Each structure stands twice: as C-alpha cells, then as structure tokens.
Amino acid sequence: MDIRSTISISAIGDVLIHTRVYRDAKTTNGYNFMPMLDEVEPYLDSSTITIANQETMIGGEELGLSGYPAFNSPTEIADNLKTLGIDVVTLANNHSLDQGVKGIENAINYWDEIEMKHTGAFKTKDQSEEVLVYKTEKNIDVAILSYTYGTNGISAPAGKDYVVNRIEFKKMAKDIEKAKELADGVIVSLHFGQQYEPYPSAFQKEVVQFCADHEVDAVLGHHPHVLQPLEYVEGEKGNKMLTVYSLGNFFSGQEDFQRRIGGIFTFDFLKDEESDDTVKAIDPRFQITYVTSQDQHDYKVVPMAELPELMKEYKATKQHVSQWLPELSFIE
C-alpha cells in the first residue's frame with residue numbers, strides 16, 4: 001500500500017491594481033479584468049492550492065476607487081481571481097490600511113461573500129488569532145500565514161493593531177506553533193524587502209531564517225516588485241525550507257521591464273506516513289509571466305514563452321530565475 005501522497009501548491013506575486021489598469025477594465029456595468037488575465041488561466045487552476053498576494057484592498061466603489069499611493073480597487077478583481085483558479089489570497093502588505101479599517105472590512109466582507117479564503121488582515125481580534133488551514137482531499141492539510149513589514153506609516157486605530165499582521169517574531173512564533181499543530185504543512189507569506197532590488201536584504205534573510213528555525217515548510221515573498229532568488233534555507237534542526245524571496249508583480253500597471261516580470265511558482269508537498277517529517281516541499285518549478293501594454297493601456301498578463309524576443313532579453317540578465325536554484329524546473 002502506498003502511504004505517500006502529494007499535493008501541488010502554486011503561488012503568484014503582487015496583484016497591484018493601478019488606476020490605469022482598472023480604467024482599462026471598465027465596462028458599461030462595472031469592471032472586468034478577465035480579458036487581461038485569461039491567457040494564464042490554464043496554468044493557475046490545475047494546482048491543489050493556488051495562492052495570490054492581493055496587495056490592493058478591494059474596498060469597492062463605495063469608498064471611491066483610487067490608485068497609487070493610496071489604493072482602493074474594484075471588487076470585481078476578486079471575482080476574476082476566483083475564476084482564474086485562485087484559492088487563497090494573502091492580505092498583509094504595506095497598502096492594507098490605505099483606506100483605513102473600513103477598507104479592510106469592505107474587502108473581507110466581499111472575500112467572504114464569494115467564499116474566497118484569505119489571511120493577513122482581519123476584522124476582529126478573534127479572527128486574527130485563528131490560523132487559516134486549507135484542508136485537501138489528499139489528507140494533507142496546509143496552514144497559510146501572512147505578514148507585512150509595515151503599512152506605509154499608517155497606524156491602525158488604538159486597540160485595533162490586530163487588523164493587519166506585522167512581521168513581529170513573538171506573534172509569528174506563536175502563530176507558527178499553532179499552525180504546526182493544526183496542519184501537516186505550513187506556508188508563510190511575507191511582504192518585505194527593498195523595492196526594485198533584485199536580491200534579498202539582510203532583513204529579509206533574517207526573517208526567512210527565523211521561519212526556517214521554526215520549521216516552516218515554505219516561504220512566499222513579495223513587495224520588491226521584481227523577482228528575487230529562490231533557495232532552500234536550512235533551519236537550526238537541519239530542516240530544509242523552500243523559499244522565494246520575491247515573486248515580483250503578477251498583475252500591475254508598472255512599466256519598467258523587470259517590474260513587468262512575475263511568475264507562477266509551483267511545488268509539491270510530499271507526505272510520507274512513515275517519515276518523522278510531516279511534509280517536504282519538493283519539485284520546485286517556475287513559469288515566467290509578463291505584463292504587456294500599449295501606451296499605458298491594453299494590459300495583459302501572458303506567459304513569457306509567447307514573447308521569444310523578450311524571453312531572450314530576460315535570459316541574458318543576471319536575474320534570470322533558472323540561475324538561482326539547481327533543482328528548479330524552468331517551464332517554457
């Protein structure tokens with residue numbers, strides 16, 4: 001009898017809805033981002049769990065739509081992400097409080113309405129103390145935690161620090177310990193690092209090492225808006241934690257070449273009932289995506305393999321993802 005089982009995990013980076021992007025999505029009766037996203041749909045709905053970092057709060061038109069620097073996005077992006085195959089959104093990031101607590105409340109109400117799992121931002125203290133556990137049919141349950149380095153200097157109201165998870169080691173240690181009791185595998189989503197820098201900062205490495213030492217199984221990083229390296233980080237007990245420091249932008253209106261590049265990061269969780277290890281993150285693979293546009297219009301996320309000249313240009317850079325992790329399968 002085979003006592004090993006596997007599930008697949010996919011993750012995408014920042015979903016950052018600039019004004020020029022949602023204006024392009026405007027229809028006669030709302031907003032529709034699917035024409036901008038439909039080319040990558042086949043690659044996102046096949047994993048057991050697919051995770052996206054929704055960087056902009058979906059406070060909806062009630063709060064007035066806006067872009068940089070204080071974002072507020074149409075709720076329709078949530079529906080479109082669900083159609084794409086996204087199963088979980090992480091919400092702890094530097095824009096979580098752009099529209100105050102009301103923005104978080106509106107967003108969470110809508111995520112709940114469409115039955116999308118979410119973590120990292122909360123309406124109540126009790127909710128902030130719960131761990132999101134995704135239960136799968138393969139008898140492998142996965143806990144997902146989400147934290148941010150800060151919120152652009154915007155403080156939560158007095159007594160409501162719980163509305164956004166911040167990178168605070170004491171709380172993280174408590175959450176991770178609870179997650180390990182509730183689930184087979186633990187994934188930590190981290191919003192951190194220096195914007196537009198291709199390599200992780202000392203702070204990123206410190207936080208990632210903390211996660212490895214607490215036996216997290218995988219870390220998904222974002223915030224720099226460019227891709228950063230992937231590696232296995234060894235914890236103090238000899239465990240190996242799969243890490244991507246930044247997944248870059250999956251969908252945004254940023255124009256720089258490197259900021260148009262994101263990807264679909266996929267790996268498997270292997271569970272062996274005879275092993276002391278609960279799960280292992282194995283078989284990492286990566287598919288590059290690219291956001292095309294014309295004169296700040298016609299935004300579209302496409303597999304970079306469909307753009308051979310741009311792929312050639314990207315492969316010539318030192319930041320090419322396949323250079324970072326020998327075990328990584330680079331999907332073209």
# chains A, B, ... in the order shown; residues from 1 in each chain; ligands from 1

call {"tool": "select_by_dssp", "arguments": {"residues": "stretch 28-102 of chain A", "states": "strand (DSSP E or B)", "output": "number ranges by chain"}}
result
A: 30-31, 49-54, 66, 72, 88-90

call {"tool": "write_last_selection", "arguments": {"atoms": "C-alpha atoms", "output": "PDB file, in the first residue's frame"}}
result
ATOM      1  CA  GLY A  30     -18.798  47.545 -13.696  1.00  0.00           C
ATOM      2  CA  TYR A  31     -15.283  46.182 -14.197  1.00  0.00           C
ATOM      3  CA  ILE A  49      -3.952  25.165  -3.783  1.00  0.00           C
ATOM      4  CA  THR A  50      -3.170  28.406  -5.616  1.00  0.00           C
ATOM      5  CA  ILE A  51      -2.212  31.488  -3.604  1.00  0.00           C
ATOM      6  CA  ALA A  52      -2.129  35.146  -4.688  1.00  0.00           C
ATOM      7  CA  ASN A  53      -0.931  38.251  -2.870  1.00  0.00           C
ATOM      8  CA  GLN A  54      -3.752  40.781  -3.265  1.00  0.00           C
ATOM      9  CA  SER A  66      -8.079  55.003  -6.406  1.00  0.00           C
ATOM     10  CA  ASN A  72      -8.671  51.105  -3.453  1.00  0.00           C
ATOM     11  CA  VAL A  88      -6.356  31.811  -1.173  1.00  0.00           C
ATOM     12  CA  VAL A  89      -5.427  35.498  -1.054  1.00  0.00           C
ATOM     13  CA  THR A  90      -2.887  36.966   1.356  1.00  0.00           C
TER      14      THR A  90
END

call {"tool": "residues_around", "arguments": {"residues": "A:Pro69", "least_positions_apart": "2", "cutoff": "10 Å", "atoms": "only C-alpha atoms", "output": "mmCIF file with N, CA and C atoms, in the first residue's frame"}}
result
data_model
loop_
_atom_site.group_PDB
_atom_site.id
_atom_site.type_symbol
_atom_site.label_atom_id
_atom_site.label_comp_id
_atom_site.auth_asym_id
_atom_site.auth_seq_id
_atom_site.Cartn_x
_atom_site.Cartn_y
_atom_site.Cartn_z
ATOM 1 N N HIS A 18 -3.355 49.454 -10.392
ATOM 2 C CA HIS A 18 -3.191 50.889 -10.600
ATOM 3 C C HIS A 18 -4.426 51.473 -11.297
ATOM 4 N N SER A 66 -9.295 54.193 -6.340
ATOM 5 C CA SER A 66 -8.079 55.003 -6.406
ATOM 6 C C SER A 66 -6.877 54.110 -6.678
ATOM 7 N N GLY A 67 -5.817 54.741 -7.162
ATOM 8 C CA GLY A 67 -4.564 54.049 -7.397
ATOM 9 C C GLY A 67 -3.486 54.571 -6.474
ATOM 10 N N PHE A 71 -4.266 53.043 -2.533
ATOM 11 C CA PHE A 71 -5.059 52.225 -3.439
ATOM 12 C C PHE A 71 -6.430 51.857 -2.861
ATOM 13 N N ASN A 72 -7.390 51.738 -3.761
ATOM 14 C CA ASN A 72 -8.671 51.105 -3.453
ATOM 15 C C ASN A 72 -9.221 50.533 -4.756
ATOM 16 N N HIS A 95 0.005 48.248 1.793
ATOM 17 C CA HIS A 95 -1.177 49.013 1.396
ATOM 18 C C HIS A 95 -2.454 48.555 2.117
ATOM 19 N N ASP A 98 -4.517 51.480 3.454
ATOM 20 C CA ASP A 98 -4.665 52.652 2.585
ATOM 21 C C ASP A 98 -6.025 53.318 2.755
ATOM 22 N N ASN A 152 3.112 51.556 5.370
ATOM 23 C CA ASN A 152 3.401 52.892 4.835
ATOM 24 C C ASN A 152 3.212 53.994 5.872
#

call {"tool": "residues_around", "arguments": {"residues": "A:Gln323", "least_positions_apart": "6", "cutoff": "10 Å", "atoms": "only C-alpha atoms", "output": "mmCIF file with N, CA and C atoms, in the first residue's frame"}}
result
data_model
loop_
_atom_site.group_PDB
_atom_site.id
_atom_site.type_symbol
_atom_site.label_atom_id
_atom_site.label_comp_id
_atom_site.auth_asym_id
_atom_site.auth_seq_id
_atom_site.Cartn_x
_atom_site.Cartn_y
_atom_site.Cartn_z
ATOM 1 N N PRO A 229 15.724 35.781 -5.718
ATOM 2 C CA PRO A 229 16.123 34.371 -5.772
ATOM 3 C C PRO A 229 15.218 33.392 -5.033
ATOM 4 N N LEU A 230 15.347 32.142 -5.465
ATOM 5 C CA LEU A 230 14.734 31.002 -4.798
ATOM 6 C C LEU A 230 15.850 30.154 -4.206
ATOM 7 N N LYS A 315 16.653 36.249 -20.371
ATOM 8 C CA LYS A 315 17.641 35.205 -20.093
ATOM 9 C C LYS A 315 19.062 35.765 -20.060
ATOM 10 N N THR A 317 19.918 38.461 -18.593
ATOM 11 C CA THR A 317 20.149 39.205 -17.356
ATOM 12 C C THR A 317 20.619 38.274 -16.249
ATOM 13 N N PHE A 330 12.466 25.024 -15.024
ATOM 14 C CA PHE A 330 12.037 26.269 -15.652
ATOM 15 C C PHE A 330 11.110 25.922 -16.809
#

call {"tool": "residues_around", "arguments": {"residues": "A:Thr151", "least_positions_apart": "5", "cutoff": "12 Å", "atoms": "only C-alpha atoms", "output": "ChimeraX atom specification"}}
result
/A:55-56,69-70,91-100,121,156,161,163-167,191-192,223

call {"tool": "atom_distance", "arguments": {"atom1": "atom CA of A:Ser8", "atom2": "atom CA of A:Leu242"}}
result
13.7 Å

call {"tool": "closest_residue", "arguments": {"among": "A:Lys82, A:Lys135, A:Lys237, A:His214", "to": "A:Glu113", "atoms": "only C-alpha atoms"}}
result
A:Lys82

call {"tool": "atom_distance", "arguments": {"atom1": "atom CA of A:Thr19", "atom2": "atom CA of A:Gly253"}}
result
8.1 Å

call {"tool": "closest_residue", "arguments": {"among": "A:Ser128, A:Gln204, A:Thr136, A:Thr28", "to": "A:Gly185", "atoms": "only C-alpha atoms"}}
result
A:Thr136
